[in-house]
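Visitor: The structure's right below; bear with me while I get my questions together.
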Amino acid sequence: MQVIPSICTFCGVGCGLGLRVERGRVIGVEPQSGHPVSQGQLCAKGWSTSFAIDPGNRLTEPLIKEHGKFRKASWEEALQRIASEFRAAQQAGGADAVGVISCARATNEDNYAAQKFARAVLKTNNVDHCARICHSPSVTGLARTLGSGAMSNSVADIDQAELILVIGADVTENHAMIGARMLRAQARGARLIVIDPRKTRLARLADIHLQLRLGSNIALLNGLLQIIFKNGWENAAFLAERCEDITPLRQHLAAITPEQTSAATGIPVAELIRVAELFSHSPAAFTAYGMGITQFQSGTNNVMAVSNLVLACGQIGRPGTGVNPLRGQNNVQGACDMGCLPNVYPGYQKADEPAVQEKFAAAWHTPMPVTPGLTSMGMTQAALQGDLRALMIIGEDPVVTDPDQHQVARAYAALDFLVAFELTLTETAKLADVVLPAAAFVEKDGTFTNCERRVQRIRKAVAAPGSARIDWQILGELAARMGYAGMAWDSAEAVFDEMAALTPLFSAMSYAGLDKAHGLQWPCNAEHPQGSPVLHAQSFPLGRARLFPLTQVEPAEGPDAGYPFVFTTHRFHFHYNCGSMTRKSPLLERETPAGLLLINPQDAAKHGWHDLQAVCVRSRRGSLEVRLQLTDDLPPGTVAMPYHFLEAPCNRLTNDAMDPISKMPELKACAVAIEPLAAGVVPHNPRDAREVPVYASL
Ligand code: SF4
């Protein structure tokens with residue numbers, strides 16, 4: 001048995017693992033000892049990696065749909081079909097009639113190739129990926145306040161923090177090794193404060209839990225800042241030396257009282273004052289936040305409100321401090337870094353700057369697109385309007401993961417042509433005209449970047465099944481067929497080296513350098529050859545950081561007589577995103593039943609409902625049949641559903657109201673009604689009718 005060093009493919013923590021390989025198959029995993037993030041441990045998901053990548057139901061050959069059914073095809077036929085369909089779409093609708101959705105699970109090399117294919121071959125900036133629906137407000141919000149949208153500090157900084165503030169993040173469930181580290185910090189004496197509308201496991205274990213009203217984040221953060229300024233607890237020296245625009249924020253907050261904040265958030269005044277005092281007086285406060293901040297129509301402003309609080313108290317730029325967005329997918333940081341966003345090239349070089357366009361045109365030997373690109377949601381809307389005709393989706397399943405699932409399926413059905421690169425026949429792949437079998441992470445070399453900006457090597461451990469190919473190779477072959485020879489790399493390392501040469505944040509990185517330690521954290525360049533565990537020590541990318549006066553924005557849909565409950569989404573520890581990988585593990589699958597709607601016992605008692613009562617939950621966009629699970633994790637009036645289960649796809653209910661800046665849909669809040677099913681009726685399970693495509697019922 002061989003053990004091949006690699007990185008966990010689930011969440012953005014980026015734990016180090018060893019793939020146990022026997023007779024050409026990954027039969028198990030083990031933690032990497034001495035890994036700086038995971039410290040010789042893995043969570044339940046990490047330990048189950050071998051189930052997730054089992055070749056059992058993998059796609060092994062290209063598929064082409066004819067008369068509504070897939071048939072096997074050769075690579076030659078499939079690639080030719082894709083090339084001609086994309087060219088036809090562009091001849092009919094112009095360069096921007098096509099788009100690429102890349103993948104936060106794929107390697108940096110795959111993502112670099114995806115955005116290069118979009119820009120150099122298709123001549124469009126229509127390239128995006130699922131960061132749009134998790135942390136796009138972190139990218140836009142922190143870009144405005146600091147100039148960089150990534151974690152400012154490292155996971156190891158938790159060990160040096162005196163206070164840990166967690167806002168809208170269910171860390172023990174979703175970033176388990178970080179959650180464990182926070183609890184160890186608390187055990188050695190650090191204070192742990194959790195701000196969350198749900199009583200998460202971490203909230204129950206915290207020293208202070210502020211159980212704010214769902215969606216009142218800006219009101220709460222403004223209220224804490226108002227108390228800090230009123231009492232003179234701000235870090236005046238830091239503000240004077242490092243920040244701009246303090247006076248407008250002070251004036252804006254002067255109109256707020258703690259009583260108003262308490263009324264808006266549901267948090268008693270004494271608790272507000274206590275948290276404001278502790279945070280502002282802490283020698284080192286580490287602030288982490290998650291999608292409970294970002295997945296709102298006010299997502300960018302929510303992130304900027306977090307930034308205001310951190311900056312006003314000078315809790316950044318030192319070990320044990322910082323503003324730290326906990327990224328979701330294993331390589332969502334990397335997909336952003338590689339420029340799989342419509343507005344930036346690799347390393348956040350701005351796509352609308354002529355100098356950047358000229359730089360990449362010279363390097364890639366072809367003119368660059370100048371029109372602004374569409375986000376993934378923008379591409380959905382453009383498809384519905386007939387403006388987007390062909391779409392390439394690499395390893396993502398938007399039909400399950402995007403809001404208002406029916407609308408996404410309608411949009412894809414309206415396209416002239418859809419191609420999916422996939423491991424298995426996902427719900428999105430079922431809608432495609434051509435499906436290409438892709439290699440999984442254990443079948444290729446490359447790099448992933450974790451949430452603390454650490455770029456780490458993964459290595460090929462086993463052969464891909466059948467004729468499955470690596471994403472960057474597929475894109476290179478397609479590029480050649482479409483007349484562009486600049487993507488004919490012969491190795492993942494060659495892709496990485498090209499990217500590093502064009503990206504100042506990565507210019508001193510190489511595979512050899514990454515191999516010497518457990519990866520390197522960007523920026524890694526001539527100034528920081530060993531990488532950068534802590535950002536913003538001397539200055540911000542903007543020079544001086546900016547403070548912004550912000551006003552509370554309520555969720556687009558509040559409860560009313562017709563839809564009296566507030567609905568939110570969450571995750572369970574044992575599953576990952578749409579469950580396409582973790583649900584292959586019988587060990588994980590037995591832990592969490594599917595099709596549950598969590599509700600407070602008081603609400604259930606008021607309506608005479610019991611635990612496991614079969615109900616229909618309905619929003620303005622769709623309905624689901626599920627069973628109730630009574631729990632005081634949620635306050636009365638709020639219900640919640642995890643989003644891992646195809647049996648109960650919660651995105652039939654969620655709202656696509658958007659943050660106007662980042663285009664993040666409001667996945668965390670909408671209004672629903674609940675009606676009990678007749679006695680003895682078993683909830684209808686959409687999985688029972690899996691073979692019926694979702695669009696067939698439209
Ligand atoms: Fe994998 Fe995340 Fe668990 Fe680490 S914490 S083992 S990266 S799922």
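For the structure tokens, the naming scheme is as follows: chains receive sequential letters (A, B, ...) according to their order of presentation, residues are indexed from 1 within each chain, and ligands are indexed from 1 in presentation order.
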At a cut-off of 8 Å and counting only C-alpha atoms and all ligand atoms, what residues surround ligand 1? Please answer as a compact mmCIF listing (two decimals) with C-alpha atoms, in the first residue's frame.
Guide:
```
# COMPACT_ATOMS: atom_id res chain seq x y z
CA ILE A 7 -5.48 17.72 0.58
CA CYS A 8 -9.06 17.08 1.71
CA THR A 9 -11.47 17.86 -1.10
CA PHE A 10 -14.43 18.96 1.01
CA CYS A 11 -14.30 22.27 2.86
CA GLY A 12 -12.05 25.31 2.64
CA VAL A 13 -10.06 24.45 5.77
CA GLY A 14 -7.66 22.47 3.56
CA CYS A 15 -6.66 19.65 5.90
CA GLY A 16 -3.67 17.55 4.91
CA SER A 38 -5.21 20.05 10.58
CA GLN A 41 -6.51 15.19 12.46
CA LEU A 42 -9.48 14.99 10.06
CA CYS A 43 -13.19 15.44 10.58
CA ALA A 44 -15.79 12.78 9.73
CA LYS A 45 -16.08 14.04 6.16
CA GLY A 46 -12.34 13.95 5.58
CA TRP A 47 -12.12 10.38 6.88
CA ASN A 174 -18.93 23.30 8.47
CA HIS A 175 -15.25 23.95 9.22
CA ALA A 176 -14.82 21.31 11.86
CA MET A 177 -11.07 21.54 12.37
CA ILE A 178 -11.29 25.32 12.81
CA ASN A 330 -12.05 23.27 -0.84
CA TYR A 576 -21.19 18.61 2.26
```
Visitor: Would you please give, as a PyMOL selection string, all residues of stretch 309-518 of chain A that DSSP assigns to helix (DSSP H, G or I) based on the backbone?
Guide: chain A and resi 309-312+332-337+346-348+354-364+376-385+398-401+405-414+427-430+441-443+471-481+492-502+504-506+511-516
Visitor: At a cut-off of 12 Å, using only C-alpha atoms, what residues contact A:Ala526? Leave out same-chain residues fewer than 6 positions from it and give the result as number ranges by chain.
Guide: A: 504-509, 532
Visitor: Store the residues picked out above in a file with N, CA and C atoms, as an mmCIF file, in the first residue's frame.
Guide:
```cif
data_model
loop_
_atom_site.group_PDB
_atom_site.id
_atom_site.type_symbol
_atom_site.label_atom_id
_atom_site.label_comp_id
_atom_site.auth_asym_id
_atom_site.auth_seq_id
_atom_site.Cartn_x
_atom_site.Cartn_y
_atom_site.Cartn_z
ATOM 1 N N PRO A 504 1.190 38.795 -9.869
ATOM 2 C CA PRO A 504 2.141 39.266 -8.850
ATOM 3 C C PRO A 504 1.948 38.631 -7.467
ATOM 4 N N LEU A 505 0.708 38.274 -7.103
ATOM 5 C CA LEU A 505 0.501 37.666 -5.777
ATOM 6 C C LEU A 505 1.192 36.312 -5.649
ATOM 7 N N PHE A 506 1.454 35.654 -6.796
ATOM 8 C CA PHE A 506 1.990 34.286 -6.789
ATOM 9 C C PHE A 506 3.389 34.201 -7.408
ATOM 10 N N SER A 507 4.026 35.334 -7.690
ATOM 11 C CA SER A 507 5.181 35.301 -8.586
ATOM 12 C C SER A 507 6.366 34.500 -8.049
ATOM 13 N N ALA A 508 6.468 34.300 -6.710
ATOM 14 C CA ALA A 508 7.599 33.515 -6.184
ATOM 15 C C ALA A 508 7.199 32.072 -5.874
ATOM 16 N N MET A 509 6.014 31.660 -6.320
ATOM 17 C CA MET A 509 5.565 30.288 -6.027
ATOM 18 C C MET A 509 5.960 29.340 -7.153
ATOM 19 N N SER A 532 2.835 34.797 3.190
ATOM 20 C CA SER A 532 2.338 35.834 4.101
ATOM 21 C C SER A 532 1.254 35.284 5.028
#
```
Visitor: Quick one: everything within 7 Å of stretch 407-423 of chain A, counting only C-alpha atoms, minus sequence neighbours fewer than 3 positions away in the same chain. Send it as a VMD selection string.
Guide: chain A and resid 58 to 59 85 380 383 to 384 388 to 395 399 404 429 432 to 440 694 to 695
Visitor: Of the residues A:Val553, A:Pro533, A:Thr49, A:Glu77, which is the one nearest to A:Leu587, using only C-alpha atoms?
Guide: A:Thr49
Visitor: Which one is closest to A:Gly386: A:Leu326, A:Ala97, A:Leu79, A:Ile4? Count only C-alpha atoms.
Guide: A:Ala97
Visitor: Which residue is closest to A:Thr424? Choose from A:Asn57, A:Ser585, A:Gln39, A:Ser307 and count only C-alpha atoms.
Guide: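 Closest to A:Thr424, using only C-alpha atoms: A:Asn57.
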Visitor: Contacts of stretch 474-487 of chain A at 8 Å or less, counting only C-alpha atoms, minus same-chain residues fewer than 4 places along, as an MDAnalysis selection string?
Guide: chainID A and resid 79:80 82:83 113:114 117 120:121 364:365 469:470
